[in-house]
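The block underneath contains the structure these notes are about, expressed in structure tokens.
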Amino acid sequence: MVIKTEPFVLNIGPVHPSTHGVFRMRTTLDGEVIVELEPVFGYLHRGIEKLAEERTYTGVIPLTDRLDYLASMSNNLAYVLAVEKLAGISVPERAQYIRVLLAELQRIASHLIAIGAFLNDCGAYFTPFLYMFREREKIVDLLEMVSGQRLLYNYMRVGGFAQDIPDEFLPALAKFVNQMPRFINEYDRLLAENEILLVRAKGVGILPKELAINIGASGPVLRASGVKWDIRKVDPYSIYDRFDFEIPTGSAGDCYDRYRVRVEEMRQSLRIIKQAMGQIPSGAVRSEVPHLIRPPAGEAYAHIEAPKGELGFYLVSDNSIAPYRCHIRAPSLINLTALREMIVGWKIQDAIIIFGSIDITMGEVDR
Amino acid sequence: MTVSLSGNEVAKQITKQFPEAIAETSDEAILVKSQSVLDVAEYLKSNPELDFDYLNYITAVDYYDYFEVVYQLTSTKHNHTVVLKTRCYDRDNPVVPSVVGLWRGADFQEREIYDLLGITFQGHPNLKRIVLWEGFQGYPLRKDYL
């Protein structure tokens, strides 16, 4: 006997632990299988682009913290790079090195959460997550040391930094860099060949290479689909051209590849940190910048390889003290474009991990 | 290093194909007439020497007299980039053709511009508000909103 099923509409979210924030997937189900999906968001829209238009150039920095709040250092970096490009401000060598150190630390912290939350979605309920958080805690301590904050750092400034790093920072960082590879290897040994992870993630939620490029995907999502595209390499900003590192890529573009790429990227980030630590010069951490920055009329776009992908700021100046327009190219938003294609045809429990493997932050999707 | 192609140089190639399409060019950007956006975009994407397969972002700016829509295109094969712009002068009913058919990544971004600046993207398959709710009055990113 065949049991007749009727399409059933189910809202996953907006308030649901596996949506990683306030995000809603309006799904149509046939039994357990998802036959249609529409992402619905905007619940966290704060109008950051509009708010930026009435703040001074420095005053926008705290707003950028609130985009991808798991990687606020990276957001700061992308924004100050855009203002520096717009106003033609140079940055001292020491500050360049500190920027690289902090951005890479932030990448590891963000990837740890991405992996922990992804495994949570897979059903490894909070055990890996807790270990990831234990390691992330060390990074948060380091970032607190320099900025006084644990989540929204607001530390970078146009032309450099608010203040120099404290003396105890580099020894503490060295200790972290020595410890971390052992932890990554340990997790990786436990997880990479884990039967449950393989069954749940291999071949699931495939994003083909052509589609990944066509939707403008970036970051680990794009690289897991086999595209060797990392802005640190293809369009080096700051001083990334001085360091030796690899771009890990996947081949299948499935959830497992996205997980693998993130693990490898953490190792590469540690490589960059090690090199940068050895070369860091002494000197000033901020160039001479007027209190109120008035860039000449014009426009500039600066982008970085943030943990989630290409984070860019498109700024338009009318020669006043506030940006005329501040557009944010948010990787989390654009990586979601193909969510429907990736999920349709899979079951509900797969939808959760496919969504989790993209690794988004709602603060950045909705802005 | 991603090479920024000179707008003037790329515009010369476009003019050969579409003599009427370009309104203005500079080294930084190509300003295209709004009715020709789709033709030019398709040419930029399909020409093997240019091969702009990746759309970095779309955004729009309100300059009171007109809205300017900005596209940044990159080629992942040649690692070069160019900025394409278009303007719409009709403030009450600004319309620009949609490029979703060429770059799917435009989907959410065009909806966001429609949502916040009120520019209609003709040919978009699902043009509705994205971050604000249905029924919201006005377009907050316009300069005369507040």
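All residue names refer to the structure tokens as shown: chains lettered A, B, ... in order, residues numbered from 1 in each chain, ligands numbered from 1 in order.
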
Practice item. Can you pull out every residue within 10 Å of stretch 130-144 of chain B, counting only C-alpha atoms, but drop anything in the same chain fewer than 5 positions away, and send it as a PyMOL selection string? Key: (chain A and resi 39-47+49-51+53+324-325+365-367) or (chain B and resi 60-64+67+108-119)

Exercise for review: May I have the residues within 8 Å of stretch 308-320 of chain A as a ChimeraX atom specification, using only C-alpha atoms and disregarding those fewer than 4 positions away in the same chain?
Suggested key: /A:75,78-79,82-83,86,217-221,231,294-304,324-332,359-360

Practice item. As an NGL selection string, please: all residues of stretch 49-200 of chain A that backbone DSSP puts in helix (DSSP H, G or I). Key: :A and (49-52 or 58-65 or 72-87 or 93-122 or 127-147 or 169-191 or 195-200)

Exercise for review: Extract, using only C-alpha atoms, all DNA, RNA and protein residues at most 12 Å from B:Ile30, discarding same-chain residues fewer than 2 positions from it, and format them as a PyMOL selection string.
Suggested key: chain B and resi 5-15+21-28+32-34+37+40-41+44+68-73+81-87

Could you write out the selected residues, including C-alpha atoms, as a PDB file, in the first residue's frame?
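Output contents, as saved in selection.pdb:
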ATOM      1  CA  LEU B   5      41.037  47.396 -15.838  1.00  0.00           C
ATOM      2  CA  SER B   6      40.795  50.953 -17.083  1.00  0.00           C
ATOM      3  CA  GLY B   7      37.170  51.894 -17.709  1.00  0.00           C
ATOM      4  CA  ASN B   8      38.228  53.775 -20.843  1.00  0.00           C
ATOM      5  CA  GLU B   9      39.898  50.714 -22.355  1.00  0.00           C
ATOM      6  CA  VAL B  10      37.011  48.337 -21.655  1.00  0.00           C
ATOM      7  CA  ALA B  11      34.548  50.953 -22.887  1.00  0.00           C
ATOM      8  CA  LYS B  12      36.343  51.051 -26.252  1.00  0.00           C
ATOM      9  CA  GLN B  13      35.698  47.344 -26.701  1.00  0.00           C
ATOM     10  CA  ILE B  14      32.075  47.709 -25.665  1.00  0.00           C
ATOM     11  CA  THR B  15      31.544  50.592 -28.099  1.00  0.00           C
ATOM     12  CA  ALA B  21      25.503  52.024 -24.868  1.00  0.00           C
ATOM     13  CA  ILE B  22      28.089  54.121 -23.047  1.00  0.00           C
ATOM     14  CA  ALA B  23      27.249  57.452 -21.480  1.00  0.00           C
ATOM     15  CA  GLU B  24      30.569  58.354 -19.899  1.00  0.00           C
ATOM     16  CA  THR B  25      33.836  56.669 -19.030  1.00  0.00           C
ATOM     17  CA  SER B  26      36.797  57.261 -16.797  1.00  0.00           C
ATOM     18  CA  ASP B  27      39.723  55.163 -15.652  1.00  0.00           C
ATOM     19  CA  GLU B  28      37.789  54.104 -12.583  1.00  0.00           C
ATOM     20  CA  VAL B  32      26.319  52.779 -19.077  1.00  0.00           C
ATOM     21  CA  LYS B  33      22.872  53.981 -20.155  1.00  0.00           C
ATOM     22  CA  SER B  34      20.308  52.128 -18.068  1.00  0.00           C
ATOM     23  CA  VAL B  37      22.954  47.473 -18.875  1.00  0.00           C
ATOM     24  CA  VAL B  40      26.816  45.334 -21.820  1.00  0.00           C
ATOM     25  CA  ALA B  41      26.779  42.991 -18.825  1.00  0.00           C
ATOM     26  CA  LEU B  44      31.396  41.533 -20.365  1.00  0.00           C
ATOM     27  CA  GLU B  68      23.555  55.500  -9.343  1.00  0.00           C
ATOM     28  CA  VAL B  69      23.705  51.701  -9.430  1.00  0.00           C
ATOM     29  CA  VAL B  70      27.222  50.307  -9.077  1.00  0.00           C
ATOM     30  CA  TYR B  71      28.363  46.845 -10.171  1.00  0.00           C
ATOM     31  CA  GLN B  72      31.830  45.535  -9.508  1.00  0.00           C
ATOM     32  CA  LEU B  73      32.778  42.612 -11.718  1.00  0.00           C
ATOM     33  CA  THR B  81      38.141  43.724 -12.223  1.00  0.00           C
ATOM     34  CA  VAL B  82      36.055  46.594 -13.538  1.00  0.00           C
ATOM     35  CA  VAL B  83      33.366  48.876 -12.144  1.00  0.00           C
ATOM     36  CA  LEU B  84      30.185  49.329 -14.119  1.00  0.00           C
ATOM     37  CA  LYS B  85      27.679  52.043 -13.289  1.00  0.00           C
ATOM     38  CA  THR B  86      24.330  53.198 -14.473  1.00  0.00           C
ATOM     39  CA  ARG B  87      22.019  56.042 -13.517  1.00  0.00           C
TER      40      ARG B  87
END

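Nearest residue to chain A, choosing from B:Ala29, B:Arg129, B:Thr2, B:Val99 and counting only C-alpha atoms: B:Thr2.
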
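The interatomic distance for the pair atom CA of B:Asp107 and atom CA of A:Thr249 works out to 26.0 Å.
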
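Using only C-alpha atoms, the contacts of A:Pro17 at a cut-off of 10 Å, with sequence neighbours closer than 3 positions omitted, comprise Ile12, Gly13, Pro14, His20, Gly21, Val22, Ala117, Asn120 and Asp121 of chain A.
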
Practice item. Could you give me, as a PyMOL selection string, the residues within 10 Å of stretch 270-278 of chain A, counting only C-alpha atoms and dropping anything in the same chain fewer than 5 positions from it? Key: chain A and resi 96-105+107-108+170-171+173-174+176-178+180-181+239-240+242-246+265

Could you write out that same residue set with C-alpha atoms as a tab-separated table (two decimals), in the first residue's frame?
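Output below, filename selection.tsv:
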chain	number	residue	atom	x	y	z
A	96	GLN	CA	50.36	46.41	9.68
A	97	TYR	CA	51.87	43.43	11.44
A	98	ILE	CA	49.55	43.70	14.42
A	99	ARG	CA	46.60	43.85	12.02
A	100	VAL	CA	47.64	40.62	10.39
A	101	LEU	CA	48.13	38.93	13.78
A	102	LEU	CA	44.71	40.00	15.01
A	103	ALA	CA	42.89	39.22	11.77
A	104	GLU	CA	44.32	35.70	11.71
A	105	LEU	CA	43.53	35.12	15.38
A	107	ARG	CA	39.79	33.81	11.72
A	108	ILE	CA	40.74	30.91	13.99
A	170	LEU	CA	53.43	38.68	22.33
A	171	PRO	CA	54.64	36.15	24.94
A	173	LEU	CA	50.49	34.80	21.78
A	174	ALA	CA	53.64	32.68	21.43
A	176	PHE	CA	49.00	30.06	22.26
A	177	VAL	CA	50.64	29.45	18.89
A	178	ASN	CA	52.71	26.63	20.39
A	180	MET	CA	47.14	25.32	19.30
A	181	PRO	CA	48.47	22.89	16.62
A	239	ILE	CA	51.05	43.07	4.09
A	240	TYR	CA	49.74	39.60	3.26
A	242	ARG	CA	55.00	38.93	2.64
A	243	PHE	CA	53.83	35.66	4.14
A	244	ASP	CA	54.05	32.13	2.97
A	245	PHE	CA	50.81	30.13	3.21
A	246	GLU	CA	48.61	27.79	1.23
A	265	GLU	CA	42.62	27.31	7.21

**Study point:** Exercise: stretch 123-127 of chain B partners within 7 Å, only C-alpha atoms, chain neighbours under 6 positions left out, as a ChimeraX atom specification
**Key:** /B:97-98,100,111

Practice item. Using backbone DSSP assignments, extract all strand (DSSP E) residues from chain B; output them as a ChimeraX atom specification. Key: /B:3-4,22-25,29-32,54-62,67-75,80-88,95-97,120-122

Selected residues written out with N, CA and C atoms, as a compact mmCIF listing (two decimals), in the first residue's frame:
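Okay, selection.txt is ready:
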# COMPACT_ATOMS: atom_id res chain seq x y z
N VAL B 3 43.99 43.08 -11.05
CA VAL B 3 44.25 44.26 -11.88
C VAL B 3 42.94 45.00 -12.11
N SER B 4 42.93 46.29 -11.82
CA SER B 4 41.75 47.09 -12.15
C SER B 4 41.87 47.54 -13.59
N ILE B 22 27.30 53.48 -24.10
CA ILE B 22 28.09 54.12 -23.05
C ILE B 22 27.75 55.60 -22.92
N ALA B 23 27.56 56.05 -21.70
CA ALA B 23 27.25 57.45 -21.48
C ALA B 23 28.52 58.23 -21.17
N GLU B 24 29.41 57.62 -20.39
CA GLU B 24 30.57 58.35 -19.90
C GLU B 24 31.59 57.31 -19.44
N THR B 25 32.86 57.61 -19.59
CA THR B 25 33.84 56.67 -19.03
C THR B 25 34.95 57.43 -18.33
N ALA B 29 35.70 53.83 -13.82
CA ALA B 29 34.41 53.17 -14.02
C ALA B 29 33.86 53.45 -15.42
N ILE B 30 32.90 52.61 -15.81
CA ILE B 30 32.18 52.81 -17.06
C ILE B 30 30.75 53.15 -16.70
N LEU B 31 30.27 54.26 -17.22
CA LEU B 31 28.87 54.62 -16.97
C LEU B 31 28.05 54.24 -18.20
N VAL B 32 27.09 53.33 -17.97
CA VAL B 32 26.32 52.78 -19.08
C VAL B 32 24.90 53.33 -19.00
N TYR B 54 32.39 36.73 -12.07
CA TYR B 54 32.15 36.89 -10.63
C TYR B 54 31.65 38.30 -10.37
N LEU B 55 30.51 38.40 -9.71
CA LEU B 55 29.96 39.71 -9.36
C LEU B 55 30.29 39.97 -7.90
N ASN B 56 31.19 40.92 -7.65
CA ASN B 56 31.58 41.20 -6.26
C ASN B 56 30.40 41.74 -5.47
N TYR B 57 29.79 42.79 -6.00
CA TYR B 57 28.64 43.37 -5.29
C TYR B 57 27.87 44.26 -6.24
N ILE B 58 26.63 44.54 -5.87
CA ILE B 58 25.84 45.59 -6.50
C ILE B 58 25.43 46.52 -5.39
N THR B 59 25.48 47.79 -5.63
CA THR B 59 24.92 48.70 -4.65
C THR B 59 24.36 49.91 -5.40
N ALA B 60 23.71 50.78 -4.68
CA ALA B 60 23.16 51.98 -5.31
C ALA B 60 23.33 53.15 -4.35
N VAL B 61 23.48 54.33 -4.93
CA VAL B 61 23.69 55.54 -4.15
C VAL B 61 22.67 56.57 -4.60
N ASP B 62 22.10 57.28 -3.65
CA ASP B 62 21.15 58.34 -3.96
C ASP B 62 21.89 59.67 -4.02
N PHE B 67 19.76 58.25 -9.17
CA PHE B 67 20.30 57.12 -8.43
C PHE B 67 21.40 56.50 -9.28
N GLU B 68 22.49 56.16 -8.62
CA GLU B 68 23.55 55.50 -9.34
C GLU B 68 23.66 54.06 -8.85
N VAL B 69 23.55 53.11 -9.78
CA VAL B 69 23.70 51.70 -9.43
C VAL B 69 25.12 51.28 -9.82
N VAL B 70 25.81 50.65 -8.89
CA VAL B 70 27.22 50.31 -9.08
C VAL B 70 27.38 48.79 -9.08
N TYR B 71 28.06 48.27 -10.09
CA TYR B 71 28.36 46.84 -10.17
C TYR B 71 29.87 46.70 -10.19
N GLN B 72 30.41 45.86 -9.35
CA GLN B 72 31.83 45.54 -9.51
C GLN B 72 31.95 44.10 -9.97
N LEU B 73 32.65 43.93 -11.10
CA LEU B 73 32.78 42.61 -11.72
C LEU B 73 34.23 42.16 -11.67
N THR B 74 34.42 40.88 -11.46
CA THR B 74 35.77 40.31 -11.41
C THR B 74 35.81 39.07 -12.27
N SER B 75 36.95 38.83 -12.85
CA SER B 75 37.15 37.58 -13.57
C SER B 75 38.03 36.68 -12.71
N HIS B 80 41.14 40.06 -13.05
CA HIS B 80 41.02 41.51 -13.23
C HIS B 80 39.60 41.93 -12.91
N THR B 81 39.42 43.24 -12.70
CA THR B 81 38.14 43.72 -12.22
C THR B 81 37.78 45.04 -12.91
N VAL B 82 36.51 45.32 -12.95
CA VAL B 82 36.05 46.59 -13.54
C VAL B 82 34.79 47.04 -12.82
N VAL B 83 34.57 48.35 -12.79
CA VAL B 83 33.37 48.88 -12.14
C VAL B 83 32.43 49.41 -13.22
N LEU B 84 31.21 48.93 -13.16
CA LEU B 84 30.19 49.33 -14.12
C LEU B 84 29.15 50.14 -13.36
N LYS B 85 28.67 51.23 -13.99
CA LYS B 85 27.68 52.04 -13.29
C LYS B 85 26.55 52.39 -14.24
N THR B 86 25.42 52.67 -13.66
CA THR B 86 24.33 53.20 -14.47
C THR B 86 23.53 54.16 -13.61
N ARG B 87 22.79 55.05 -14.28
CA ARG B 87 22.02 56.04 -13.52
C ARG B 87 20.56 56.00 -13.93
N CYS B 88 19.69 56.25 -12.95
CA CYS B 88 18.30 56.47 -13.33
C CYS B 88 17.84 57.79 -12.74
N VAL B 95 13.90 52.62 -12.70
CA VAL B 95 13.91 51.23 -13.19
C VAL B 95 15.27 50.91 -13.81
N VAL B 96 15.80 49.75 -13.46
CA VAL B 96 17.06 49.27 -14.03
C VAL B 96 16.83 47.79 -14.38
N PRO B 97 17.38 47.31 -15.50
CA PRO B 97 17.21 45.88 -15.77
C PRO B 97 17.95 45.02 -14.75
N THR B 120 13.41 49.68 -8.98
CA THR B 120 12.82 48.44 -9.49
C THR B 120 13.79 47.77 -10.45
N PHE B 121 14.03 46.50 -10.26
CA PHE B 121 14.90 45.75 -11.16
C PHE B 121 14.03 44.91 -12.08
N GLN B 122 13.93 45.38 -13.32
CA GLN B 122 13.04 44.73 -14.27
C GLN B 122 13.57 43.35 -14.64

Point to revise | Residue neighbourhood B:Lys77, 10 Å, only C-alpha atoms, exclusion window fewer than 4 positions, as a count of residues only | key: 7

Quick one: contact table of stretch 101-141 of chain A to stretch 60-71 of chain A, 8 Å max, nearest atom pair and distance in Å to one decimal per residue, counting only C-alpha atoms, chain and number order, as a Markdown table?
| residue | atom | partner | partner_atom | distance |
| --- | --- | --- | --- | --- |
| A:Gln106 | CA | A:Ala71 | CA | 5.7 |
| A:Arg107 | CA | A:Ala71 | CA | 7.1 |
| A:Ala109 | CA | A:Ala71 | CA | 7.7 |
| A:Ser110 | CA | A:Leu70 | CA | 5.9 |

Write a file of the just-selected residues containing N, CA and C atoms, as a short mmCIF file (atom, residue, chain, number, x, y, z; two decimals), in the first residue's frame.
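Okay, result29.cif is ready:
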data_model
loop_
_atom_site.label_atom_id
_atom_site.label_comp_id
_atom_site.auth_asym_id
_atom_site.auth_seq_id
_atom_site.Cartn_x
_atom_site.Cartn_y
_atom_site.Cartn_z
N GLN A 106 41.46 36.16 14.74
CA GLN A 106 40.02 36.24 14.62
C GLN A 106 39.48 35.16 13.69
N ARG A 107 40.23 34.86 12.64
CA ARG A 107 39.79 33.81 11.72
C ARG A 107 39.73 32.47 12.45
N ALA A 109 39.31 31.99 15.64
CA ALA A 109 38.19 32.03 16.59
C ALA A 109 36.87 31.79 15.88
N SER A 110 36.70 32.44 14.72
CA SER A 110 35.44 32.30 13.99
C SER A 110 35.27 30.89 13.45
#
